Number of protein chains: 2
Amino acid sequence: MSLIIIGTVAFDAIETPFGKTDKIVGGAATYASLAASYFYNKVKIVAVVGDDFHKADIDTFNEHGIDTEGLQIKEGEKSFFWSGKYHNDMNSRDTLVTELNVLADFDPIIPENYQDCEYLMLGNLTPIVQRTVIERLKNRPKLIVLDTMNFWMDIMMDDLLETLKLVDVLTINDEEARQLSGEYSLVKAAKKILTMGPKYLIIKKGEHGALLFHEDKIFSAPALPLAEVFDPTGAGDTFAGGFIGYLAKVGTVNFNNMKNAIIYGSALASFCVEKFGTEKILNLTDEEVANRIQEFVKLSAFTIEA
Amino acid sequence: MSLIIIGTVAFDAIETPFGKTDKIVGGAATYASLAASYFYNKVKIVAVVGDDFHKADIDTFNEHGIDTEGLQIKEGEKSFFWSGKYHNDMNSRDTLVTELNVLADFDPIIPENYQDCEYLMLGNLTPIVQRTVIERLKNRPKLIVLDTMNFWMDIMMDDLLETLKLVDVLTINDEEARQLSGEYSLVKAAKKILTMGPKYLIIKKGEHGALLFHEDKIFSAPALPLAEVFDPTGAGDTFAGGFIGYLAKVGTVNFNNMKNAIIYGSALASFCVEKFGTEKILNLTDEEVANRIQEFVKLSAFTIEA
């Protein structure tokens, strides 16, 4: 039994109003697997890097109990590199550099000992690679979560729609939900998207929290209001990793557990943005996580007599 | 003991992607007093209209148990008129016409039988008129709630700051909170605004719900995701009216009751936008309101073991 996370492992160079970084380790699979590792101890990644990726960086995964057998290292090639600059409001950013490098022809390898996969997180990648991973698993996982973005809707909508048919949970933001469905109202958008394959839809709204749609039910999760957002990079992937890591830990997929999973994912994401890159989510204590969860409980609790 | 609501009583002509209206009765005091009347039976309004305002419209207030002794009718003058057109996203609108008419020299009259005021809602008006009402009450009310908007920050910031010193609760939207405080982060904005007079700050975020700040505590209230938003006009005033009406009913002002009050206000606002103008909030049944409240409870409830 394990949780497989596929996505980018990459270098990022980030500039925010608070400062800038040199190349630091980033990527969807990095954030998601680190987040998941706080709740579940059989996290395995599928990704590709170049030989510019350091052994120390791989050690970091392993120290968090993350299996890296599915992390391919391409000799003589370079890792995926992204550079971006956030605007003052931290809600929008410009991409300065995107070098696909090893990602250009990424052919995911699923090691034999990954075939016990029960939970599968398909981080943001081309929908064809995402589908390939599903096909290469001998047994269909109990839960497949897919994250994607407007970029794939712009250039590969048909492939995305094919892949969507195979998944249980889709996580996208509000603009992407509108683009995918052609509906402005998120309620109408969700209704359409829930006919495309996913049985659960999570709409991420950043500082406004998240909405979970399933059948006729809706759950509205708050975001923790923060005095400082230092660097939003990876917050969505951290959310997704915390979400599926919590579900893998409790082992039962239902609406109630999914609501809690969203709170756990949101809590980890709220840590992520407090420092540059993965820095803050590398060394959280159980107590810090538990306290943050309690902040979410307090934030949204009210008592109205029935 | 009573709840006084001061604000505009006006005519609106509204155009949305779903249709348009002729002149219909609107205004902050109209929406707020109708909303409050669902929870409290001693609602009294202070406002001014022209002789174009019909007796039938005044009857509507009275049928909801709203005292209109403080509603001045200016012979030979016309009521305040606003006309606006909403864009397709329903989040932005263009003002087509603003005719101040009787509002230009509004001098609020507080009838003697209004002097038992315990709860005071100062709807959006010039901060000088808002302050005048406070000064004309012989006893300071137990709770003063003030609603305002960016317009007054642009042209009368000093007067607004003077009035703010006198109130307990301020309701504004997120952009207005940023403008008033000069801080982008809503947490930092709230911290500053809570030194300006109000002990409670409510930041209205429309489809994203509302935040309540008090001392070091924060409450995040969801908005009900709706399939159709037919006409957003008056939603904020309906929210404020439901909010203070509920507090007047329970009779004790504290953080917990205020959280519930925000849910009650949000529930009434969610009805308001379902039809044009005040149409939907004219004839709600107790059962409809109770059911809507339960939808809010279900929407945001989750159970995480401590």
# chains A, B, ... in the order shown; residues from 1 in each chain; ligands from 1
>>> interface_residues(of="chain A", to="chain B", cutoff="9 Å", atoms="only C-alpha atoms", output="ChimeraX atom specification")
/A:88-89,184-189,205,208-209,211,217-229,256-257,259-260,263,290,293-294,297-304,306
>>> residues_around(residues="Asp116 in chain B", least_positions_apart="5", cutoff="12 Å", atoms="only C-alpha atoms", output="PyMOL selection string")
chain B and resi 1-4+42-44+110-111+137-142
>>> write_last_selection(atoms="all heavy atoms", output="CSV table (one decimal), in the first residue's frame")
chain,number,residue,atom,x,y,z
B,1,MET,N,-36.8,50.2,23.8
B,1,MET,CA,-35.7,49.5,23.1
B,1,MET,C,-36.0,49.4,21.7
B,1,MET,O,-37.1,48.8,21.3
B,1,MET,CB,-35.5,48.1,23.7
B,1,MET,CG,-35.2,48.1,25.2
B,1,MET,SD,-33.9,49.3,25.6
B,1,MET,CE,-34.0,49.4,27.4
B,2,SER,N,-35.1,49.8,20.8
B,2,SER,CA,-35.4,49.7,19.4
B,2,SER,C,-34.1,49.7,18.6
B,2,SER,O,-33.0,49.9,19.1
B,2,SER,CB,-36.3,50.8,18.9
B,2,SER,OG,-35.6,52.1,19.0
B,3,LEU,N,-34.2,49.3,17.3
B,3,LEU,CA,-33.1,49.3,16.4
B,3,LEU,C,-33.4,50.4,15.3
B,3,LEU,O,-34.4,50.3,14.6
B,3,LEU,CB,-33.1,47.9,15.7
B,3,LEU,CG,-32.3,47.8,14.3
B,3,LEU,CD1,-30.9,48.3,14.5
B,3,LEU,CD2,-32.4,46.4,13.8
B,4,ILE,N,-32.5,51.4,15.3
B,4,ILE,CA,-32.7,52.4,14.3
B,4,ILE,C,-31.8,52.2,13.1
B,4,ILE,O,-30.6,51.9,13.3
B,4,ILE,CB,-32.4,53.8,14.8
B,4,ILE,CG1,-33.4,54.2,15.9
B,4,ILE,CG2,-32.4,54.9,13.7
B,4,ILE,CD1,-33.3,55.6,16.5
B,42,LYS,N,-38.8,45.8,16.4
B,42,LYS,CA,-38.8,47.2,16.7
B,42,LYS,C,-37.8,47.9,15.9
B,42,LYS,O,-36.9,48.6,16.4
B,42,LYS,CB,-38.6,47.5,18.2
B,42,LYS,CG,-39.8,47.0,19.0
B,42,LYS,CD,-39.6,47.3,20.5
B,42,LYS,CE,-40.7,46.6,21.3
B,42,LYS,NZ,-40.1,45.4,22.0
B,43,VAL,N,-38.0,47.8,14.6
B,43,VAL,CA,-37.1,48.5,13.6
B,43,VAL,C,-37.7,49.8,13.2
B,43,VAL,O,-38.8,49.9,12.9
B,43,VAL,CB,-36.9,47.6,12.4
B,43,VAL,CG1,-35.9,48.3,11.4
B,43,VAL,CG2,-36.3,46.2,12.7
B,44,LYS,N,-36.8,50.9,13.2
B,44,LYS,CA,-37.3,52.2,12.9
B,44,LYS,C,-36.3,52.8,11.9
B,44,LYS,O,-35.1,52.7,12.1
B,44,LYS,CB,-37.3,53.1,14.2
B,44,LYS,CG,-38.2,52.4,15.3
B,44,LYS,CD,-38.1,53.2,16.7
B,44,LYS,CE,-39.0,52.5,17.7
B,44,LYS,NZ,-39.0,53.2,19.0
B,110,ILE,N,-34.7,62.8,14.3
B,110,ILE,CA,-34.8,61.7,15.2
B,110,ILE,C,-36.1,61.9,16.0
B,110,ILE,O,-36.1,62.8,17.0
B,110,ILE,CB,-33.6,61.5,16.2
B,110,ILE,CG1,-32.3,61.6,15.4
B,110,ILE,CG2,-33.7,60.2,17.0
B,110,ILE,CD1,-32.0,60.5,14.5
B,111,PRO,N,-37.2,61.3,15.7
B,111,PRO,CA,-38.4,61.5,16.5
B,111,PRO,C,-38.2,61.1,18.0
B,111,PRO,O,-37.4,60.3,18.3
B,111,PRO,CB,-39.4,60.5,15.9
B,111,PRO,CG,-38.9,60.2,14.5
B,111,PRO,CD,-37.4,60.3,14.7
B,137,LEU,N,-28.9,61.5,19.3
B,137,LEU,CA,-29.5,60.5,20.3
B,137,LEU,C,-29.0,60.9,21.7
B,137,LEU,O,-27.8,61.2,21.9
B,137,LEU,CB,-29.0,59.1,19.9
B,137,LEU,CG,-29.6,58.5,18.6
B,137,LEU,CD1,-28.9,57.2,18.2
B,137,LEU,CD2,-31.1,58.2,18.9
B,138,LYS,N,-30.0,61.0,22.6
B,138,LYS,CA,-29.7,61.5,23.9
B,138,LYS,C,-28.8,60.5,24.7
B,138,LYS,O,-27.9,60.9,25.5
B,138,LYS,CB,-30.9,61.7,24.7
B,138,LYS,CG,-31.7,62.9,24.2
B,138,LYS,CD,-33.1,63.1,24.8
B,138,LYS,CE,-33.9,64.1,24.0
B,138,LYS,NZ,-35.3,64.0,24.2
B,139,ASN,N,-29.0,59.2,24.5
B,139,ASN,CA,-28.1,58.2,25.1
B,139,ASN,C,-27.4,57.4,24.0
B,139,ASN,O,-27.9,57.1,22.9
B,139,ASN,CB,-29.0,57.1,25.8
B,139,ASN,CG,-29.8,57.8,26.9
B,139,ASN,OD1,-29.3,58.6,27.7
B,139,ASN,ND2,-31.1,57.6,26.8
B,140,ARG,N,-26.1,57.1,24.3
B,140,ARG,CA,-25.4,56.4,23.3
B,140,ARG,C,-26.0,55.0,23.2
B,140,ARG,O,-26.1,54.3,24.2
B,140,ARG,CB,-23.9,56.3,23.7
B,140,ARG,CG,-23.0,55.9,22.6
B,140,ARG,CD,-21.9,54.9,22.9
B,140,ARG,NE,-21.0,54.7,21.8
B,140,ARG,CZ,-20.9,53.6,21.1
B,140,ARG,NH1,-21.7,52.5,21.5
B,140,ARG,NH2,-20.0,53.4,20.2
B,141,PRO,N,-26.2,54.5,21.9
B,141,PRO,CA,-26.8,53.1,21.8
B,141,PRO,C,-25.7,52.1,22.3
B,141,PRO,O,-24.6,52.4,22.4
B,141,PRO,CB,-27.0,53.0,20.3
B,141,PRO,CG,-27.1,54.4,19.8
B,141,PRO,CD,-26.2,55.2,20.7
B,142,LYS,N,-26.3,50.9,22.6
B,142,LYS,CA,-25.4,49.8,23.0
B,142,LYS,C,-24.5,49.4,21.9
B,142,LYS,O,-23.4,49.0,22.2
B,142,LYS,CB,-26.4,48.7,23.4
B,142,LYS,CG,-25.8,47.5,24.0
B,142,LYS,CD,-26.9,46.7,24.8
B,142,LYS,CE,-27.0,45.3,24.4
B,142,LYS,NZ,-28.1,44.6,25.1
>>> calpha_fit_and_write(fixed="chain A", moving="chain B", output="tab-separated table (two decimals) with C-alpha atoms, in the first residue's frame")
chain	number	residue	atom	x	y	z
B	1	MET	CA	0.00	0.00	0.00
B	2	SER	CA	1.46	3.34	-0.96
B	3	LEU	CA	0.84	6.86	-2.20
B	4	ILE	CA	2.46	7.73	-5.51
B	5	ILE	CA	3.01	11.34	-6.44
B	6	ILE	CA	3.96	12.24	-9.98
B	7	GLY	CA	4.95	15.71	-11.06
B	8	THR	CA	7.88	18.01	-11.64
B	9	VAL	CA	11.02	18.04	-9.54
B	10	ALA	CA	12.74	21.19	-10.67
B	11	PHE	CA	14.79	24.25	-9.99
B	12	ASP	CA	13.00	27.54	-9.39
B	13	ALA	CA	14.35	31.08	-9.15
B	14	ILE	CA	11.78	33.24	-7.45
B	15	GLU	CA	11.46	36.97	-6.94
B	16	THR	CA	8.85	38.47	-4.63
B	17	PRO	CA	8.52	41.95	-3.08
B	18	PHE	CA	10.38	40.45	-0.10
B	19	GLY	CA	13.48	39.24	-1.89
B	20	LYS	CA	14.78	36.79	-4.45
B	21	THR	CA	16.35	33.35	-4.55
B	22	ASP	CA	18.99	31.67	-6.64
B	23	LYS	CA	18.02	28.31	-8.13
B	24	ILE	CA	16.27	26.36	-5.37
B	25	VAL	CA	14.60	22.99	-5.48
B	26	GLY	CA	10.94	23.23	-6.40
B	27	GLY	CA	8.36	21.49	-8.59
B	28	ALA	CA	4.92	20.09	-7.96
B	29	ALA	CA	6.09	16.62	-6.87
B	30	THR	CA	8.59	18.16	-4.46
B	31	TYR	CA	6.02	20.26	-2.61
B	32	ALA	CA	3.29	17.62	-2.74
B	33	SER	CA	5.47	14.75	-1.51
B	34	LEU	CA	6.96	16.77	1.34
B	35	ALA	CA	3.46	17.81	2.43
B	36	ALA	CA	2.09	14.27	2.18
B	37	SER	CA	5.02	12.93	4.22
B	38	TYR	CA	3.67	14.67	7.33
B	39	PHE	CA	0.66	12.36	7.35
B	40	TYR	CA	1.69	9.18	5.55
B	41	ASN	CA	4.91	7.21	5.58
B	42	LYS	CA	4.72	5.39	2.25
B	43	VAL	CA	5.05	8.25	-0.20
B	44	LYS	CA	6.78	7.45	-3.50
B	45	ILE	CA	7.61	9.89	-6.27
B	46	VAL	CA	7.74	9.53	-10.03
B	47	ALA	CA	9.66	12.35	-11.70
B	48	VAL	CA	12.71	13.18	-13.80
B	49	VAL	CA	15.73	15.42	-13.18
B	50	GLY	CA	19.06	16.09	-14.86
B	51	ASP	CA	22.53	15.41	-13.51
B	52	ASP	CA	22.58	18.97	-12.12
B	53	PHE	CA	20.34	17.69	-9.33
B	54	HIS	CA	22.39	17.09	-6.20
B	55	LYS	CA	22.54	13.98	-4.09
B	56	ALA	CA	21.85	16.16	-1.04
B	57	ASP	CA	18.52	17.14	-2.57
B	58	ILE	CA	17.58	13.50	-3.07
B	59	ASP	CA	18.65	12.83	0.51
B	60	THR	CA	16.14	15.46	1.63
B	61	PHE	CA	13.32	13.40	0.12
B	62	ASN	CA	14.64	10.21	1.70
B	63	GLU	CA	14.96	11.87	5.11
B	64	HIS	CA	11.23	12.55	4.89
B	65	GLY	CA	10.65	8.87	4.18
B	66	ILE	CA	9.91	9.55	0.51
B	67	ASP	CA	10.83	6.73	-1.87
B	68	THR	CA	12.82	8.10	-4.85
B	69	GLU	CA	13.23	4.91	-6.85
B	70	GLY	CA	10.91	6.41	-9.49
B	71	LEU	CA	12.99	9.59	-9.75
B	72	GLN	CA	14.93	9.26	-13.01
B	73	ILE	CA	18.28	11.03	-13.25
B	74	LYS	CA	19.24	11.83	-16.85
B	75	GLU	CA	23.00	11.98	-17.32
B	76	GLY	CA	24.19	14.89	-19.42
B	77	GLU	CA	20.84	16.66	-19.22
B	78	LYS	CA	19.50	19.52	-17.13
B	79	SER	CA	16.54	19.65	-14.77
B	80	PHE	CA	13.38	21.60	-15.52
B	81	PHE	CA	13.90	25.25	-14.62
B	82	TRP	CA	11.32	27.93	-13.94
B	83	SER	CA	11.87	31.52	-12.95
B	84	GLY	CA	9.15	33.96	-11.99
B	85	LYS	CA	8.51	37.30	-10.41
B	86	TYR	CA	5.49	38.04	-8.24
B	87	HIS	CA	3.73	41.39	-8.35
B	88	ASN	CA	3.11	43.43	-5.25
B	89	ASP	CA	-0.32	41.89	-4.63
B	90	MET	CA	1.26	38.39	-4.67
B	91	ASN	CA	-1.77	37.14	-6.59
B	92	SER	CA	-0.23	37.50	-10.03
B	93	ARG	CA	3.19	36.77	-11.40
B	94	ASP	CA	5.24	36.97	-14.57
B	95	THR	CA	7.11	33.92	-15.81
B	96	LEU	CA	10.63	35.05	-16.69
B	97	VAL	CA	12.14	31.75	-17.83
B	98	THR	CA	10.80	28.27	-18.58
B	99	GLU	CA	13.37	25.67	-19.63
B	100	LEU	CA	11.72	22.28	-20.08
B	101	ASN	CA	15.06	20.38	-20.38
B	102	VAL	CA	14.48	16.78	-19.16
B	103	LEU	CA	10.75	17.37	-19.00
B	104	ALA	CA	10.48	17.69	-22.79
B	105	ASP	CA	10.44	13.93	-23.32
B	106	PHE	CA	9.54	12.68	-19.84
B	107	ASP	CA	8.56	9.02	-19.98
B	108	PRO	CA	7.49	8.07	-16.47
B	109	ILE	CA	8.88	4.82	-15.07
B	110	ILE	CA	6.86	2.96	-12.47
B	111	PRO	CA	9.19	0.68	-10.46
B	112	GLU	CA	7.85	-2.75	-9.59
B	113	ASN	CA	7.65	-1.90	-5.89
B	114	TYR	CA	5.34	1.01	-6.75
B	115	GLN	CA	2.65	-1.40	-8.01
B	116	ASP	CA	1.07	-1.49	-4.54
B	117	CYS	CA	-0.20	2.06	-5.19
B	118	GLU	CA	-3.52	2.80	-3.51
B	119	TYR	CA	-3.46	6.58	-3.73
B	120	LEU	CA	-2.23	8.40	-6.82
B	121	MET	CA	-1.58	12.14	-7.09
B	122	LEU	CA	-1.08	13.34	-10.64
B	123	GLY	CA	0.61	16.71	-10.27
B	124	ASN	CA	0.43	19.32	-12.99
B	125	LEU	CA	2.04	17.89	-16.16
B	126	THR	CA	0.89	17.18	-19.70
B	127	PRO	CA	-2.35	15.19	-19.55
B	128	ILE	CA	-0.74	12.51	-21.74
B	129	VAL	CA	1.99	11.80	-19.20
B	130	GLN	CA	-0.63	11.82	-16.44
B	131	ARG	CA	-2.65	9.23	-18.35
B	132	THR	CA	0.43	7.11	-19.05
B	133	VAL	CA	1.02	6.72	-15.32
B	134	ILE	CA	-2.51	5.46	-14.77
B	135	GLU	CA	-2.06	2.97	-17.62
B	136	ARG	CA	1.24	1.69	-16.27
B	137	LEU	CA	-0.25	0.73	-12.93
B	138	LYS	CA	-1.43	-2.89	-13.01
B	139	ASN	CA	-4.28	-2.22	-10.59
B	140	ARG	CA	-6.38	0.89	-10.60
B	141	PRO	CA	-5.63	2.88	-7.41
B	142	LYS	CA	-8.39	3.40	-4.88
B	143	LEU	CA	-8.17	7.15	-5.40
B	144	ILE	CA	-6.72	9.21	-8.26
B	145	VAL	CA	-6.34	12.96	-7.77
B	146	LEU	CA	-5.41	15.14	-10.74
B	147	ASP	CA	-4.11	18.69	-10.68
B	148	THR	CA	-3.89	20.67	-13.91
B	149	MET	CA	-3.88	24.26	-15.17
B	150	ASN	CA	-5.22	26.61	-17.84
B	151	PHE	CA	-2.11	26.01	-20.01
B	152	TRP	CA	-3.24	22.44	-20.83
B	153	MET	CA	-6.80	23.64	-21.44
B	154	ASP	CA	-5.41	26.11	-23.97
B	155	ILE	CA	-3.29	23.69	-25.96
B	156	MET	CA	-4.42	20.08	-25.23
B	157	MET	CA	-8.07	20.23	-24.16
B	158	ASP	CA	-9.00	16.94	-25.88
B	159	ASP	CA	-6.20	15.05	-24.15
B	160	LEU	CA	-7.10	16.62	-20.84
B	161	LEU	CA	-10.74	15.58	-21.25
B	162	GLU	CA	-9.63	12.00	-22.01
B	163	THR	CA	-7.48	11.89	-18.87
B	164	LEU	CA	-10.22	13.47	-16.74
B	165	LYS	CA	-12.46	10.48	-17.48
B	166	LEU	CA	-10.05	8.32	-15.50
B	167	VAL	CA	-9.75	10.30	-12.26
B	168	ASP	CA	-11.71	10.65	-9.02
B	169	VAL	CA	-10.75	14.12	-7.83
B	170	LEU	CA	-9.86	17.21	-9.86
B	171	THR	CA	-8.17	20.22	-8.26
B	172	ILE	CA	-8.17	23.50	-10.22
B	173	ASN	CA	-8.64	27.18	-9.46
B	174	ASP	CA	-11.80	29.21	-10.05
B	175	GLU	CA	-10.72	30.67	-13.39
B	176	GLU	CA	-9.73	27.20	-14.63
B	177	ALA	CA	-13.10	25.79	-13.53
B	178	ARG	CA	-14.77	28.51	-15.59
B	179	GLN	CA	-12.55	27.81	-18.59
B	180	LEU	CA	-13.04	24.05	-18.42
B	181	SER	CA	-16.83	24.27	-18.12
B	182	GLY	CA	-17.65	27.43	-20.02
B	183	GLU	CA	-19.80	28.50	-17.05
B	184	TYR	CA	-19.20	31.59	-14.94
B	185	SER	CA	-21.14	30.42	-11.88
B	186	LEU	CA	-18.96	27.98	-9.94
B	187	VAL	CA	-22.04	25.96	-8.99
B	188	LYS	CA	-22.92	25.47	-12.65
B	189	ALA	CA	-19.26	24.90	-13.53
B	190	ALA	CA	-18.98	22.19	-10.89
B	191	LYS	CA	-22.14	20.48	-12.07
B	192	LYS	CA	-20.72	20.21	-15.59
B	193	ILE	CA	-17.24	19.13	-14.50
B	194	LEU	CA	-18.70	16.38	-12.30
B	195	THR	CA	-20.09	14.81	-15.52
B	196	MET	CA	-16.60	14.73	-17.11
B	197	GLY	CA	-15.17	11.97	-14.94
B	198	PRO	CA	-14.20	13.28	-11.51
B	199	LYS	CA	-16.62	12.48	-8.69
B	200	TYR	CA	-15.13	15.22	-6.56
B	201	LEU	CA	-14.10	18.69	-7.64
B	202	ILE	CA	-11.94	20.99	-5.53
B	203	ILE	CA	-11.88	24.62	-6.60
B	204	LYS	CA	-8.87	26.40	-5.10
B	205	LYS	CA	-9.46	30.10	-4.43
B	206	GLY	CA	-6.11	31.04	-2.86
B	207	GLU	CA	-6.62	33.60	-0.09
B	208	HIS	CA	-10.37	32.91	-0.28
B	209	GLY	CA	-10.10	29.22	0.60
B	210	ALA	CA	-11.44	26.28	-1.37
B	211	LEU	CA	-14.73	24.71	-2.40
B	212	LEU	CA	-15.37	20.97	-2.54
B	213	PHE	CA	-18.19	19.73	-4.76
B	214	HIS	CA	-19.53	16.16	-4.69
B	215	GLU	CA	-22.96	15.11	-5.97
B	216	ASP	CA	-25.26	17.83	-4.62
B	217	LYS	CA	-23.06	18.64	-1.65
B	218	ILE	CA	-20.75	21.62	-1.23
B	219	PHE	CA	-18.13	22.29	1.42
B	220	SER	CA	-16.55	25.72	1.79
B	221	ALA	CA	-13.13	25.69	3.47
B	222	PRO	CA	-11.62	28.93	4.73
B	223	ALA	CA	-8.09	30.08	4.08
B	224	LEU	CA	-6.14	31.28	7.09
B	225	PRO	CA	-5.78	35.05	6.82
B	226	LEU	CA	-2.04	35.74	7.00
B	227	ALA	CA	-0.22	38.93	7.90
B	228	GLU	CA	2.59	38.13	5.46
B	229	VAL	CA	2.58	36.01	2.33
B	230	PHE	CA	6.25	35.67	1.63
B	231	ASP	CA	6.24	33.41	-1.44
B	232	PRO	CA	3.13	31.71	-2.87
B	233	THR	CA	5.16	29.27	-5.01
B	234	GLY	CA	4.11	25.67	-4.41
B	235	ALA	CA	1.12	26.47	-2.20
B	236	GLY	CA	-1.31	24.64	-4.49
B	237	ASP	CA	0.94	21.57	-4.71
B	238	THR	CA	1.47	21.60	-0.95
B	239	PHE	CA	-2.30	21.74	-0.54
B	240	ALA	CA	-2.77	18.76	-2.86
B	241	GLY	CA	-0.03	16.76	-1.13
B	242	GLY	CA	-1.42	17.41	2.35
B	243	PHE	CA	-4.88	16.57	1.05
B	244	ILE	CA	-4.02	13.17	-0.41
B	245	GLY	CA	-1.53	12.37	2.36
B	246	TYR	CA	-4.25	12.82	4.96
B	247	LEU	CA	-6.68	10.64	2.97
B	248	ALA	CA	-4.05	7.92	2.59
B	249	LYS	CA	-3.54	8.02	6.35
B	250	VAL	CA	-7.23	7.69	7.27
B	251	GLY	CA	-7.69	5.11	4.52
B	252	THR	CA	-11.37	5.74	3.79
B	253	VAL	CA	-12.55	7.97	0.99
B	254	ASN	CA	-15.82	9.76	1.71
B	255	PHE	CA	-17.15	13.31	1.76
B	256	ASN	CA	-16.48	13.88	5.46
B	257	ASN	CA	-12.89	12.68	5.29
B	258	MET	CA	-12.38	14.77	2.19
B	259	LYS	CA	-13.54	17.88	4.04
B	260	ASN	CA	-10.95	17.21	6.73
B	261	ALA	CA	-8.34	16.48	4.08
B	262	ILE	CA	-8.96	19.92	2.60
B	263	ILE	CA	-8.37	21.50	6.01
B	264	TYR	CA	-5.12	19.53	6.41
B	265	GLY	CA	-4.00	20.51	2.92
B	266	SER	CA	-4.89	24.16	3.58
B	267	ALA	CA	-2.98	24.12	6.85
B	268	LEU	CA	0.20	22.89	5.15
B	269	ALA	CA	-0.25	25.41	2.33
B	270	SER	CA	-0.54	28.18	4.93
B	271	PHE	CA	2.92	27.21	6.21
B	272	CYS	CA	4.36	26.93	2.71
B	273	VAL	CA	3.80	30.61	1.85
B	274	GLU	CA	5.50	31.85	5.02
B	275	LYS	CA	9.01	31.34	3.61
B	276	PHE	CA	10.70	31.01	0.22
B	277	GLY	CA	10.29	27.74	-1.64
B	278	THR	CA	10.07	24.58	0.44
B	279	GLU	CA	11.98	26.06	3.39
B	280	LYS	CA	9.08	26.19	5.80
B	281	ILE	CA	7.63	22.77	5.00
B	282	LEU	CA	10.95	20.96	5.37
B	283	ASN	CA	10.97	20.96	9.16
B	284	LEU	CA	7.53	21.29	10.69
B	285	THR	CA	6.87	19.60	14.02
B	286	ASP	CA	3.75	17.58	14.69
B	287	GLU	CA	2.82	20.17	17.27
B	288	GLU	CA	3.06	23.04	14.79
B	289	VAL	CA	0.81	21.18	12.37
B	290	ALA	CA	-1.70	20.29	15.10
B	291	ASN	CA	-1.82	23.89	16.31
B	292	ARG	CA	-2.37	25.19	12.81
B	293	ILE	CA	-5.24	22.76	12.32
B	294	GLN	CA	-6.83	24.10	15.50
B	295	GLU	CA	-6.52	27.63	14.10
B	296	PHE	CA	-8.62	26.49	11.13
B	297	VAL	CA	-11.18	24.95	13.47
B	298	LYS	CA	-11.48	28.19	15.47
B	299	LEU	CA	-11.52	30.30	12.33
B	300	SER	CA	-14.68	28.79	10.89
B	301	ALA	CA	-16.61	27.41	13.86
B	302	PHE	CA	-19.93	28.92	14.90
B	303	THR	CA	-22.79	27.50	16.90
B	304	ILE	CA	-26.32	28.07	15.76
B	305	GLU	CA	-29.07	26.13	17.52
B	306	ALA	CA	-30.93	23.93	15.09
>>> select_by_dssp(residues="range 101-306 of chain A", states="alpha helix (DSSP H)", output="PyMOL selection string")
chain A and resi 127-136+150-155+157-164+174-181+186-193+235-250+255-272+286-300
>>> select_by_dssp(residues="range 64-154 of chain A", states="strand (DSSP E or B)", output="MDAnalysis selection string")
chainID A and resid 67:74 81:86 93:99 117:122 143:147
